[in-house]
>>> print(open('model.cif').read())   # mmCIF, C-alpha atoms
data_target
loop_
_atom_site.label_atom_id
_atom_site.label_comp_id
_atom_site.auth_asym_id
_atom_site.auth_seq_id
_atom_site.Cartn_x
_atom_site.Cartn_y
_atom_site.Cartn_z
CA MET A 139 -38.14 3.36 11.18
CA PRO A 140 -34.51 3.82 12.28
CA ASP A 141 -33.32 7.24 13.47
CA GLN A 142 -31.11 8.34 10.56
CA ASN A 143 -28.98 11.04 12.18
CA ALA A 144 -28.24 9.03 15.25
CA LYS A 145 -26.87 5.96 13.54
CA ILE A 146 -25.38 6.75 10.12
CA SER A 147 -21.86 7.16 11.59
CA ASP A 148 -22.29 3.87 13.44
CA VAL A 149 -23.34 2.09 10.21
CA ILE A 150 -20.34 3.60 8.37
CA LEU A 151 -17.84 2.54 11.05
CA LYS A 152 -19.18 -1.02 11.27
CA ALA A 153 -19.31 -1.39 7.48
CA ALA A 154 -15.77 0.02 7.23
CA GLY A 155 -14.62 -2.69 9.63
CA VAL A 156 -15.86 -5.54 7.46
CA ILE A 157 -14.86 -3.95 4.10
CA GLY A 158 -11.40 -3.09 5.49
CA GLU A 159 -10.93 -6.72 6.44
CA ARG A 160 -12.27 -8.47 3.32
CA GLY A 161 -11.84 -5.89 0.58
CA PHE A 162 -14.71 -4.03 -1.10
CA GLU A 163 -15.35 -6.36 -4.05
CA ALA A 164 -15.35 -9.48 -1.88
CA THR A 165 -17.75 -8.01 0.71
CA THR A 166 -21.45 -8.73 0.15
CA MET A 167 -24.47 -6.74 1.33
CA ASN A 168 -25.21 -9.75 3.58
CA ASP A 169 -21.80 -9.30 5.25
CA ILE A 170 -22.66 -5.65 5.85
CA CYS A 171 -26.08 -6.52 7.27
CA ARG A 172 -24.43 -8.95 9.69
CA ALA A 173 -21.79 -6.39 10.72
CA THR A 174 -24.29 -3.57 11.27
CA GLY A 175 -27.11 -5.67 12.69
CA LEU A 176 -29.52 -4.21 10.13
CA THR A 177 -31.84 -5.93 7.65
CA LYS A 178 -31.32 -5.12 3.96
CA GLY A 179 -34.39 -2.88 4.18
CA GLY A 180 -32.93 -1.11 7.21
CA LEU A 181 -29.57 -0.70 5.49
CA TYR A 182 -31.14 0.87 2.38
CA HIS A 183 -32.62 3.50 4.65
CA TYR A 184 -29.08 4.85 5.15
CA ILE A 185 -27.41 4.12 1.83
CA LYS A 186 -28.39 3.74 -1.83
CA GLY A 187 -26.26 0.61 -2.42
CA LYS A 188 -22.82 -0.89 -1.97
CA ARG A 189 -21.01 1.74 -4.08
CA ASP A 190 -22.78 4.57 -2.28
CA LEU A 191 -21.74 3.00 1.04
CA LEU A 192 -18.10 2.98 -0.11
CA TYR A 193 -18.44 6.67 -1.03
CA GLN A 194 -19.96 7.49 2.39
CA ILE A 195 -17.08 5.66 4.12
CA MET A 196 -14.50 7.59 2.08
CA LEU A 197 -16.22 10.96 2.73
CA PHE A 198 -16.25 10.15 6.44
CA GLY A 199 -12.57 9.12 6.33
CA MET A 200 -11.45 12.23 4.42
CA LYS A 201 -13.37 14.51 6.78
CA HIS A 202 -11.74 12.73 9.71
CA LEU A 203 -8.28 13.13 8.14
CA GLU A 204 -8.86 16.83 7.42
CA GLU A 205 -10.22 17.63 10.88
CA SER A 206 -7.87 15.44 12.93
CA VAL A 207 -4.62 15.93 10.98
CA VAL A 208 -4.70 18.88 8.54
CA GLU A 209 -6.40 21.36 10.89
CA PRO A 210 -4.13 20.91 13.93
CA VAL A 211 -0.98 20.73 11.75
CA SER A 212 -1.96 23.95 9.94
CA ALA A 213 -1.87 25.75 13.28
CA ILE A 214 1.85 24.91 13.76
CA ASP A 215 4.50 27.33 12.45
CA ASP A 216 7.72 25.30 12.18
CA PRO A 217 7.68 22.92 9.14
CA GLU A 218 9.82 20.30 10.87
CA GLU A 219 7.39 20.19 13.77
CA GLN A 220 4.48 20.20 11.29
CA LEU A 221 5.84 17.11 9.55
CA ARG A 222 6.52 15.26 12.79
CA THR A 223 3.02 16.05 14.10
CA LEU A 224 1.36 15.13 10.79
CA VAL A 225 2.93 11.67 10.75
CA ARG A 226 2.11 11.12 14.42
CA LEU A 227 -1.56 12.15 14.05
CA HIS A 228 -2.08 10.27 10.78
CA ILE A 229 -0.71 7.06 12.34
CA GLN A 230 -3.02 7.55 15.33
CA ILE A 231 -6.17 7.83 13.23
CA ILE A 232 -5.14 4.74 11.25
CA ALA A 233 -4.68 2.81 14.49
CA LEU A 234 -8.10 3.89 15.75
CA GLY A 235 -9.93 4.06 12.43
CA GLN A 236 -11.48 0.59 12.10
CA GLY A 237 -10.14 0.08 8.59
CA MET A 238 -11.54 3.37 7.27
CA ILE A 239 -8.18 4.81 6.26
CA THR A 240 -7.11 1.53 4.64
CA ILE A 241 -10.27 1.65 2.52
CA LEU A 242 -9.46 5.26 1.54
CA THR A 243 -6.08 4.07 0.26
CA ASP A 244 -7.06 0.83 -1.42
CA GLU A 245 -10.59 0.92 -2.77
CA ASP A 246 -10.81 3.85 -5.24
CA ALA A 247 -11.65 1.48 -8.08
CA GLY A 248 -14.98 0.58 -6.46
CA LEU A 249 -16.35 4.14 -6.59
CA GLU A 250 -18.65 5.57 -9.27
CA PRO A 251 -16.59 7.79 -11.62
CA LYS A 252 -17.94 11.15 -10.36
CA HIS A 253 -17.37 10.17 -6.72
CA ARG A 254 -13.95 8.77 -7.53
CA LYS A 255 -13.00 12.11 -9.08
CA GLU A 256 -14.19 13.99 -6.00
CA ILE A 257 -12.32 11.72 -3.55
CA LEU A 258 -9.13 11.81 -5.66
CA LYS A 259 -9.32 15.62 -5.61
CA ARG A 260 -9.45 15.65 -1.79
CA LYS A 261 -6.61 13.09 -1.58
CA ARG A 262 -4.59 15.24 -3.97
CA ALA A 263 -5.22 18.22 -1.66
CA TYR A 264 -3.78 16.19 1.24
CA PHE A 265 -0.76 15.21 -0.86
CA ASP A 266 -0.26 18.91 -1.74
CA PHE A 267 -0.55 19.83 1.93
CA VAL A 268 2.28 17.44 2.86
CA ARG A 269 4.32 18.56 -0.16
CA GLY A 270 3.82 22.17 0.97
CA ILE A 271 5.39 21.37 4.34
CA LEU A 272 8.39 19.83 2.56
CA THR A 273 8.63 22.91 0.34
CA ALA A 274 8.80 25.10 3.46
CA LEU A 275 11.49 22.79 4.87
CA ARG A 276 13.47 23.17 1.62
CA ASP A 277 13.10 26.96 1.76
CA GLN A 278 14.73 26.83 5.21
CA GLY A 279 17.64 24.91 3.64
CA LYS A 280 16.83 21.80 5.68
CA LEU A 281 15.75 19.39 2.93
CA ALA A 282 18.11 16.82 1.41
CA ASP A 283 18.65 16.84 -2.37
CA VAL A 284 15.46 14.93 -3.19
CA ASN A 285 12.54 15.51 -5.56
CA LEU A 286 9.68 17.06 -3.53
CA SER A 287 7.03 14.68 -4.90
CA VAL A 288 9.18 11.58 -4.35
CA ALA A 289 9.90 12.72 -0.78
CA THR A 290 6.17 13.28 -0.17
CA PHE A 291 5.29 9.82 -1.52
CA ASN A 292 8.03 8.25 0.62
CA ILE A 293 6.58 9.77 3.77
CA LEU A 294 3.02 8.80 2.84
CA GLY A 295 4.21 5.30 1.87
CA GLN A 296 5.56 4.70 5.36
CA VAL A 297 2.40 6.07 6.98
CA LEU A 298 -0.07 4.20 4.79
CA PHE A 299 1.85 0.90 4.96
CA PHE A 300 1.34 1.02 8.72
CA SER A 301 -2.37 0.31 8.09
CA ARG A 302 -1.34 -2.95 6.39
CA TRP A 303 1.11 -4.33 8.93
CA TYR A 304 -0.08 -2.96 12.24
CA ALA A 305 -2.64 -5.69 12.96
CA ALA A 306 0.19 -8.22 12.54
CA GLY A 307 2.66 -6.04 14.46
CA GLY A 308 2.35 -7.87 17.76
CA ASP A 309 2.70 -5.86 20.94
CA LEU A 310 3.98 -2.57 19.54
CA LYS A 311 2.02 0.40 20.90
CA PRO A 312 0.55 2.78 18.28
CA ASN A 313 2.09 5.83 19.98
CA ASP A 314 5.58 4.28 19.99
CA VAL A 315 5.25 3.28 16.34
CA ALA A 316 3.97 6.78 15.49
CA GLU A 317 7.09 8.35 17.08
CA GLN A 318 9.40 5.99 15.20
CA ILE A 319 7.73 6.52 11.83
CA ALA A 320 7.77 10.28 12.44
CA ALA A 321 11.52 10.04 13.14
CA THR A 322 12.45 7.84 10.15
CA SER A 323 10.23 9.91 7.81
CA LEU A 324 11.85 13.15 8.87
CA ASN A 325 15.42 11.83 8.97
CA GLY A 326 14.96 10.32 5.53
CA VAL A 327 14.30 13.66 3.85
CA LYS A 328 16.31 16.05 6.05
CA LYS A 329 19.81 17.23 5.21
CA MET B 267 -3.18 -27.24 -28.99
CA PRO B 268 -1.07 -24.36 -27.60
CA ASP B 269 2.59 -24.97 -26.73
CA GLN B 270 2.47 -24.87 -22.93
CA ASN B 271 6.12 -24.22 -22.05
CA ALA B 272 6.56 -21.51 -24.60
CA LYS B 273 3.67 -19.35 -23.52
CA ILE B 274 2.83 -19.79 -19.82
CA SER B 275 5.08 -16.86 -18.80
CA ASP B 276 3.47 -14.74 -21.50
CA VAL B 277 -0.03 -15.62 -20.25
CA ILE B 278 1.03 -14.79 -16.67
CA LEU B 279 2.51 -11.40 -17.61
CA LYS B 280 -0.49 -10.35 -19.70
CA ALA B 281 -2.96 -11.52 -17.04
CA ALA B 282 -0.91 -9.68 -14.38
CA GLY B 283 -1.26 -6.49 -16.42
CA VAL B 284 -5.05 -6.56 -16.41
CA ILE B 285 -5.42 -7.79 -12.80
CA GLY B 286 -2.88 -5.18 -11.60
CA GLU B 287 -4.96 -2.47 -13.24
CA ARG B 288 -8.49 -3.54 -12.22
CA GLY B 289 -7.94 -5.57 -9.06
CA PHE B 290 -8.37 -9.33 -8.80
CA GLU B 291 -12.01 -9.47 -7.68
CA ALA B 292 -13.16 -7.01 -10.36
CA THR B 293 -11.34 -8.83 -13.18
CA THR B 294 -13.38 -11.44 -15.09
CA MET B 295 -12.15 -14.47 -17.05
CA ASN B 296 -13.39 -12.62 -20.15
CA ASP B 297 -11.04 -9.72 -19.33
CA ILE B 298 -8.19 -12.23 -19.07
CA CYS B 299 -9.12 -13.87 -22.38
CA ARG B 300 -9.08 -10.47 -24.08
CA ALA B 301 -5.71 -9.54 -22.52
CA THR B 302 -4.04 -12.84 -23.42
CA GLY B 303 -5.76 -13.35 -26.79
CA LEU B 304 -6.84 -16.86 -25.74
CA THR B 305 -10.28 -18.46 -25.74
CA LYS B 306 -11.59 -19.74 -22.40
CA GLY B 307 -10.72 -23.26 -23.56
CA GLY B 308 -7.20 -22.14 -24.45
CA LEU B 309 -6.79 -20.36 -21.11
CA TYR B 310 -7.84 -23.45 -19.12
CA HIS B 311 -5.02 -25.31 -20.83
CA TYR B 312 -2.60 -23.19 -18.76
CA ILE B 313 -4.51 -22.60 -15.53
CA LYS B 314 -7.17 -24.34 -13.44
CA GLY B 315 -9.21 -21.17 -12.83
CA LYS B 316 -9.02 -17.56 -11.69
CA ARG B 317 -7.65 -18.35 -8.21
CA ASP B 318 -5.04 -20.69 -9.66
CA LEU B 319 -4.01 -17.92 -12.10
CA LEU B 320 -3.54 -15.51 -9.17
CA TYR B 321 -1.35 -18.12 -7.45
CA GLN B 322 0.74 -18.63 -10.63
CA ILE B 323 1.22 -14.86 -10.92
CA MET B 324 2.36 -14.63 -7.29
CA LEU B 325 4.75 -17.60 -7.64
CA PHE B 326 6.22 -15.97 -10.73
CA GLY B 327 6.53 -12.61 -8.91
CA MET B 328 8.18 -14.12 -5.80
CA LYS B 329 10.65 -16.08 -7.94
CA HIS B 330 11.47 -12.89 -9.83
CA LEU B 331 11.97 -10.99 -6.55
CA GLU B 332 14.20 -13.73 -5.12
CA GLU B 333 16.34 -14.08 -8.24
CA SER B 334 16.57 -10.40 -9.19
CA VAL B 335 16.87 -8.84 -5.72
CA VAL B 336 17.71 -11.34 -2.95
CA GLU B 337 20.42 -13.26 -4.87
CA PRO B 338 22.49 -10.28 -6.05
CA VAL B 339 22.11 -8.49 -2.69
CA SER B 340 23.23 -11.63 -0.80
CA ALA B 341 26.52 -11.47 -2.70
CA ILE B 342 27.33 -8.01 -1.24
CA ASP B 343 29.28 -7.77 2.05
CA ASP B 344 28.60 -4.27 3.39
CA PRO B 345 25.07 -3.97 4.90
CA GLU B 346 24.72 -0.29 3.95
CA GLU B 347 25.50 -1.15 0.33
CA GLN B 348 23.19 -4.18 0.58
CA LEU B 349 20.27 -1.98 1.65
CA ARG B 350 20.92 0.62 -1.02
CA THR B 351 21.13 -2.06 -3.74
CA LEU B 352 18.06 -3.89 -2.47
CA VAL B 353 15.89 -0.77 -2.68
CA ARG B 354 17.27 0.10 -6.10
CA LEU B 355 16.68 -3.39 -7.55
CA HIS B 356 13.25 -3.80 -5.98
CA ILE B 357 12.11 -0.45 -7.44
CA GLN B 358 13.42 -1.51 -10.84
CA ILE B 359 11.46 -4.77 -10.94
CA ILE B 360 8.31 -2.91 -9.87
CA ALA B 361 8.82 -0.41 -12.70
CA LEU B 362 9.27 -3.21 -15.24
CA GLY B 363 6.95 -5.80 -13.68
CA GLN B 364 3.64 -5.13 -15.46
CA GLY B 365 1.67 -4.98 -12.20
CA MET B 366 3.00 -8.31 -10.91
CA ILE B 367 4.58 -6.87 -7.78
CA THR B 368 1.51 -4.76 -7.02
CA ILE B 369 -0.60 -7.93 -7.16
CA LEU B 370 1.85 -9.64 -4.78
CA THR B 371 1.29 -6.83 -2.30
CA ASP B 372 -2.44 -6.31 -2.64
CA GLU B 373 -4.24 -9.50 -3.58
CA ASP B 374 -3.46 -12.12 -0.88
CA ALA B 375 -7.14 -12.35 0.02
CA GLY B 376 -7.97 -13.88 -3.38
CA LEU B 377 -5.77 -16.97 -2.89
CA GLU B 378 -6.89 -20.38 -1.69
CA PRO B 379 -5.90 -20.81 1.99
CA LYS B 380 -3.04 -23.30 1.37
CA HIS B 381 -1.56 -21.12 -1.39
CA ARG B 382 -2.02 -18.00 0.71
CA LYS B 383 -0.03 -19.65 3.51
CA GLU B 384 2.77 -20.59 1.11
CA ILE B 385 3.01 -17.10 -0.43
CA LEU B 386 2.89 -15.41 3.00
CA LYS B 387 5.77 -17.66 4.10
CA ARG B 388 7.90 -16.52 1.16
CA LYS B 389 6.97 -12.87 1.75
CA ARG B 390 7.92 -13.30 5.39
CA ALA B 391 11.30 -14.69 4.28
CA TYR B 392 11.83 -11.53 2.22
CA PHE B 393 10.88 -9.35 5.19
CA ASP B 394 13.35 -11.32 7.36
CA PHE B 395 16.04 -10.86 4.71
CA VAL B 396 15.61 -7.05 4.83
CA ARG B 397 15.41 -7.12 8.63
CA GLY B 398 18.65 -9.14 8.68
CA ILE B 399 20.44 -6.40 6.75
CA LEU B 400 19.22 -3.84 9.29
CA THR B 401 20.40 -6.10 12.11
CA ALA B 402 23.87 -6.17 10.56
CA LEU B 403 23.76 -2.37 10.26
CA ARG B 404 22.84 -2.14 13.95
CA ASP B 405 25.69 -4.49 14.89
CA GLN B 406 28.06 -2.05 13.15
CA GLY B 407 26.64 0.73 15.33
CA LYS B 408 25.15 2.51 12.32
CA LEU B 409 21.41 2.13 13.00
CA ALA B 410 19.34 4.87 14.66
CA ASP B 411 17.41 4.04 17.82
CA VAL B 412 14.47 2.41 16.03
CA ASN B 413 12.67 -0.92 16.37
CA LEU B 414 14.07 -3.30 13.73
CA SER B 415 10.66 -4.44 12.49
CA VAL B 416 9.28 -0.89 12.27
CA ALA B 417 12.40 0.19 10.35
CA THR B 418 11.97 -2.77 7.97
CA PHE B 419 8.31 -1.94 7.36
CA ASN B 420 9.18 1.72 6.78
CA ILE B 421 11.65 0.80 4.05
CA LEU B 422 9.26 -1.68 2.43
CA GLY B 423 6.42 0.86 2.70
CA GLN B 424 8.37 3.37 0.61
CA VAL B 425 9.33 0.72 -1.95
CA LEU B 426 5.87 -0.83 -2.28
CA PHE B 427 4.06 2.53 -2.41
CA PHE B 428 6.11 3.30 -5.52
CA SER B 429 4.04 0.66 -7.36
CA ARG B 430 0.93 2.71 -6.56
CA TRP B 431 2.09 6.17 -7.54
CA TYR B 432 4.63 5.59 -10.27
CA ALA B 433 2.13 5.40 -13.16
CA ALA B 434 0.88 8.83 -12.08
CA GLY B 435 4.38 10.14 -11.42
CA GLY B 436 4.77 11.98 -14.70
CA ASP B 437 8.20 12.15 -16.27
CA LEU B 438 10.31 10.84 -13.40
CA LYS B 439 12.72 8.12 -14.56
CA PRO B 440 12.60 4.81 -12.62
CA ASN B 441 16.37 4.85 -12.04
CA ASP B 442 16.31 8.38 -10.59
CA VAL B 443 13.38 7.49 -8.34
CA ALA B 444 15.17 4.29 -7.27
CA GLU B 445 18.25 6.30 -6.21
CA GLN B 446 16.12 8.78 -4.26
CA ILE B 447 14.09 6.11 -2.47
CA ALA B 448 17.33 4.25 -1.68
CA ALA B 449 18.71 7.46 -0.17
CA THR B 450 15.64 8.42 1.90
CA SER B 451 15.20 4.81 3.10
CA LEU B 452 18.79 4.57 4.26
CA ASN B 453 18.97 8.07 5.77
CA GLY B 454 15.73 7.44 7.62
CA VAL B 455 17.11 4.52 9.62
CA LYS B 456 20.81 5.43 9.86
CA LYS B 457 22.35 7.18 12.85
#
>>> encode(input="model.cif", output="structure tokens")
Amino acid sequence: MPDQNAKISDVILKAAGVIGERGFEATTMNDICRATGLTKGGLYHYIKGKRDLLYQIMLFGMKHLEESVVEPVSAIDDPEEQLRTLVRLHIQIIALGQGMITILTDEDAGLEPKHRKEILKRKRAYFDFVRGILTALRDQGKLADVNLSVATFNILGQVLFFSRWYAAGGDLKPNDVAEQIAATSLNGVKK
Amino acid sequence: MPDQNAKISDVILKAAGVIGERGFEATTMNDICRATGLTKGGLYHYIKGKRDLLYQIMLFGMKHLEESVVEPVSAIDDPEEQLRTLVRLHIQIIALGQGMITILTDEDAGLEPKHRKEILKRKRAYFDFVRGILTALRDQGKLADVNLSVATFNILGQVLFFSRWYAAGGDLKPNDVAEQIAATSLNGVKK
């Protein structure tokens, strides 16, 4: 019998790799068995089915986003520096995330309704976190004349699109790209 | 027997609506019959199958993008005004496009390989068109110190993300959003 605690994160990362590449609906349980090296019986030791696996991947991804981006950014005082750091860190976890963050963005429709609601709530909290930084920037008189929600979506659009094009981006280094997206995001909304 | 020329665009638009909402893989031929009001026999008069339908939708979408965005923007001289108009027009066709432009962005994986190659080539031409405008802006000394491809992706990321969030965007008017995205896109990459 496999050791559950030791390997669940490994199963999630490997499954995220194959789902991120092919899309959730097009990925079969056989694909996931091949990617994880488990039999179907072994796989069902960790997850209840394909939809549950998608939910586990999204929970893992959200936790990663909250711990690796929201927590460190919350500890910064200056909103301009918060925004720059947020974009930089979010790009870094996309670059290293084996498709997990792409799945978070693209595959909501595959979740069971109650799980979908829960994940959307946590995504909404992230959106509100970014919007809060822009609100603080506005309160300092540094924001251009732009709707706060539109500005938030424009920043997230640049960050999340990176997960689509980066694999095809040739020899650009993730850290260089992160700096450039941080700069264009910030310049786009600043006065 | 249905009148082919009169209704193919209608079939494509209605099918795009349901595929844009549910995703290509999750949409069944029955869903498409319901959306178009055709029987399966009637539907196969217009298309060879589900993958062929996806290809027809993408061809229709690319043609729309080329005629409604690339052509008018090509007629403008000033690159700054070109970029502003491009973003504005692209946002407008997303807002009016019944999911067609979202499908263009998200559903490549569902195409047959030869069709996928053809659509990717036309998308690449659009990317190069936007990148060309940024190159002209750089040649005028107006571009910030940013990689041309990254800057192009950042503008397209903001535009394409609009197709994801707009339905949930409440009472924002497409034209207002188009102006704001045009402004943040341009300010983000300008010196």
>>> closest_atom_pairs(input="model.cif", of="chain B", to="chain A", cutoff="10 Å", atoms="all atoms listed in the file", output="CSV")
residue,atom,partner,partner_atom,distance
B:Glu287,CA,A:Ala247,CA,9.3
B:Arg288,CA,A:Ala247,CA,7.2
B:Gly289,CA,A:Ala247,CA,8.0
B:Phe290,CA,A:Glu163,CA,9.0
B:Glu291,CA,A:Glu163,CA,5.8
B:Ala292,CA,A:Glu163,CA,6.7
B:Thr371,CA,A:Arg302,CA,9.9
B:Asp372,CA,A:Asp244,CA,8.6
B:Glu373,CA,A:Gly161,CA,9.4
B:Ala375,CA,A:Arg160,CA,7.2
B:Gly376,CA,A:Ala164,CA,8.7
B:Ala410,CA,A:Thr322,CA,8.8
B:Asp411,CA,A:Gln318,CA,8.7
B:Val412,CA,A:Gln318,CA,6.3
B:Asn413,CA,A:Gln318,CA,7.7
B:Ser415,CA,A:Gly307,CA,8.4
B:Val416,CA,A:Val315,CA,7.1
B:Ala417,CA,A:Thr322,CA,7.7
B:Phe419,CA,A:Phe299,CA,7.5
B:Asn420,CA,A:Gln296,CA,4.9
B:Ile421,CA,A:Gln296,CA,7.3
B:Leu422,CA,A:Gln296,CA,7.9
B:Gly423,CA,A:Gln296,CA,4.7
B:Gln424,CA,A:Gly295,CA,4.8
B:Val425,CA,A:Gly295,CA,7.9
B:Leu426,CA,A:Gly295,CA,7.6
B:Phe427,CA,A:Gly295,CA,5.1
B:Phe428,CA,A:Phe291,CA,7.7
B:Arg430,CA,A:Gly295,CA,9.4
B:Trp431,CA,A:Phe291,CA,7.7
B:Tyr432,CA,A:Val288,CA,9.6
B:Gly435,CA,A:Ser287,CA,8.4
B:Leu438,CA,A:Val288,CA,9.2
B:Asp442,CA,A:Asn285,CA,9.5
B:Val443,CA,A:Val288,CA,7.1
B:Ala444,CA,A:Val288,CA,9.9
B:Glu445,CA,A:Val284,CA,9.6
B:Gln446,CA,A:Val284,CA,6.3
B:Ile447,CA,A:Asn292,CA,7.1
B:Ala448,CA,A:Gly326,CA,9.7
B:Ala449,CA,A:Gly326,CA,7.4
B:Thr450,CA,A:Gly326,CA,4.2
B:Ser451,CA,A:Gly326,CA,6.0
B:Leu452,CA,A:Gly326,CA,7.0
B:Asn453,CA,A:Gly326,CA,4.6
B:Gly454,CA,A:Gly326,CA,3.6
B:Val455,CA,A:Thr322,CA,5.7
B:Lys456,CA,A:Asn325,CA,8.4
B:Lys457,CA,A:Asn325,CA,9.2
>>> axis_aligned_box(input="model.cif", around="stretch 238-253 of chain A", padding_each_side="4 Å", output="AutoDock Vina command-line options")
--center_x -12.4 --center_y 5.9 --center_z -2.2 --size_x 20.6 --size_y 18.6 --size_z 26.9
>>> atom_distance(input="model.cif", atom1="atom CA of A:Met200", atom2="atom CA of A:Lys178")
26.4 Å
>>> residues_near_point(input="model.cif", point="(0.4, -19.4, -7.0)", cutoff="9 Å", atoms="all atoms listed in the file", output="ChimeraX atom specification")
/B:317-326,377,381-382,384-385
>>> resolve_selection(input="model.cif", expression="the PyMOL selection byres ((chain A and resi 184-186) around 12)", output="mmCIF file with C-alpha atoms, keeping the file's coordinate frame")
data_model
loop_
_atom_site.group_PDB
_atom_site.id
_atom_site.type_symbol
_atom_site.label_atom_id
_atom_site.label_comp_id
_atom_site.auth_asym_id
_atom_site.auth_seq_id
_atom_site.Cartn_x
_atom_site.Cartn_y
_atom_site.Cartn_z
ATOM 1 C CA MET A 139 -38.140 3.360 11.180
ATOM 2 C CA PRO A 140 -34.510 3.820 12.280
ATOM 3 C CA ASP A 141 -33.320 7.240 13.470
ATOM 4 C CA GLN A 142 -31.110 8.340 10.560
ATOM 5 C CA ASN A 143 -28.980 11.040 12.180
ATOM 6 C CA ALA A 144 -28.240 9.030 15.250
ATOM 7 C CA LYS A 145 -26.870 5.960 13.540
ATOM 8 C CA ILE A 146 -25.380 6.750 10.120
ATOM 9 C CA SER A 147 -21.860 7.160 11.590
ATOM 10 C CA ASP A 148 -22.290 3.870 13.440
ATOM 11 C CA VAL A 149 -23.340 2.090 10.210
ATOM 12 C CA ILE A 150 -20.340 3.600 8.370
ATOM 13 C CA ALA A 153 -19.310 -1.390 7.480
ATOM 14 C CA MET A 167 -24.470 -6.740 1.330
ATOM 15 C CA ILE A 170 -22.660 -5.650 5.850
ATOM 16 C CA CYS A 171 -26.080 -6.520 7.270
ATOM 17 C CA THR A 174 -24.290 -3.570 11.270
ATOM 18 C CA LEU A 176 -29.520 -4.210 10.130
ATOM 19 C CA THR A 177 -31.840 -5.930 7.650
ATOM 20 C CA LYS A 178 -31.320 -5.120 3.960
ATOM 21 C CA GLY A 179 -34.390 -2.880 4.180
ATOM 22 C CA GLY A 180 -32.930 -1.110 7.210
ATOM 23 C CA LEU A 181 -29.570 -0.700 5.490
ATOM 24 C CA TYR A 182 -31.140 0.870 2.380
ATOM 25 C CA HIS A 183 -32.620 3.500 4.650
ATOM 26 C CA GLY A 187 -26.260 0.610 -2.420
ATOM 27 C CA LYS A 188 -22.820 -0.890 -1.970
ATOM 28 C CA ARG A 189 -21.010 1.740 -4.080
ATOM 29 C CA ASP A 190 -22.780 4.570 -2.280
ATOM 30 C CA LEU A 191 -21.740 3.000 1.040
ATOM 31 C CA LEU A 192 -18.100 2.980 -0.110
ATOM 32 C CA TYR A 193 -18.440 6.670 -1.030
ATOM 33 C CA GLN A 194 -19.960 7.490 2.390
ATOM 34 C CA ILE A 195 -17.080 5.660 4.120
#
>>> closest_residue(input="model.cif", among="B:Asp374, B:Leu386, B:Pro345, B:Thr368", to="B:Ile399", atoms="all atoms listed in the file")
B:Pro345
>>> closest_residue(input="model.cif", among="A:Pro251, A:Gly199, A:Gly270, A:Pro312", to="A:Gln230", atoms="only C-alpha atoms")
A:Pro312
>>> closest_residue(input="model.cif", among="B:Ala433, B:Leu414, B:Leu352, B:Leu409", to="B:Arg397", atoms="all atoms listed in the file")
B:Leu414
>>> atom_distance(input="model.cif", atom1="atom CA of A:Arg260", atom2="atom CA of A:Lys201")
9.5 Å
>>> atom_distance(input="model.cif", atom1="atom CA of B:Ala391", atom2="atom CA of B:His330")
14.2 Å
>>> residues_around(input="model.cif", residues="A:Ile239", least_positions_apart="5", cutoff="8 Å", atoms="only C-alpha atoms", output="number ranges by chain")
A: 199, 231-232, 301
>>> closest_residue(input="model.cif", among="B:Phe395, B:Lys408, B:Leu400, B:Leu279", to="B:Glu332", atoms="only C-alpha atoms")
B:Phe395
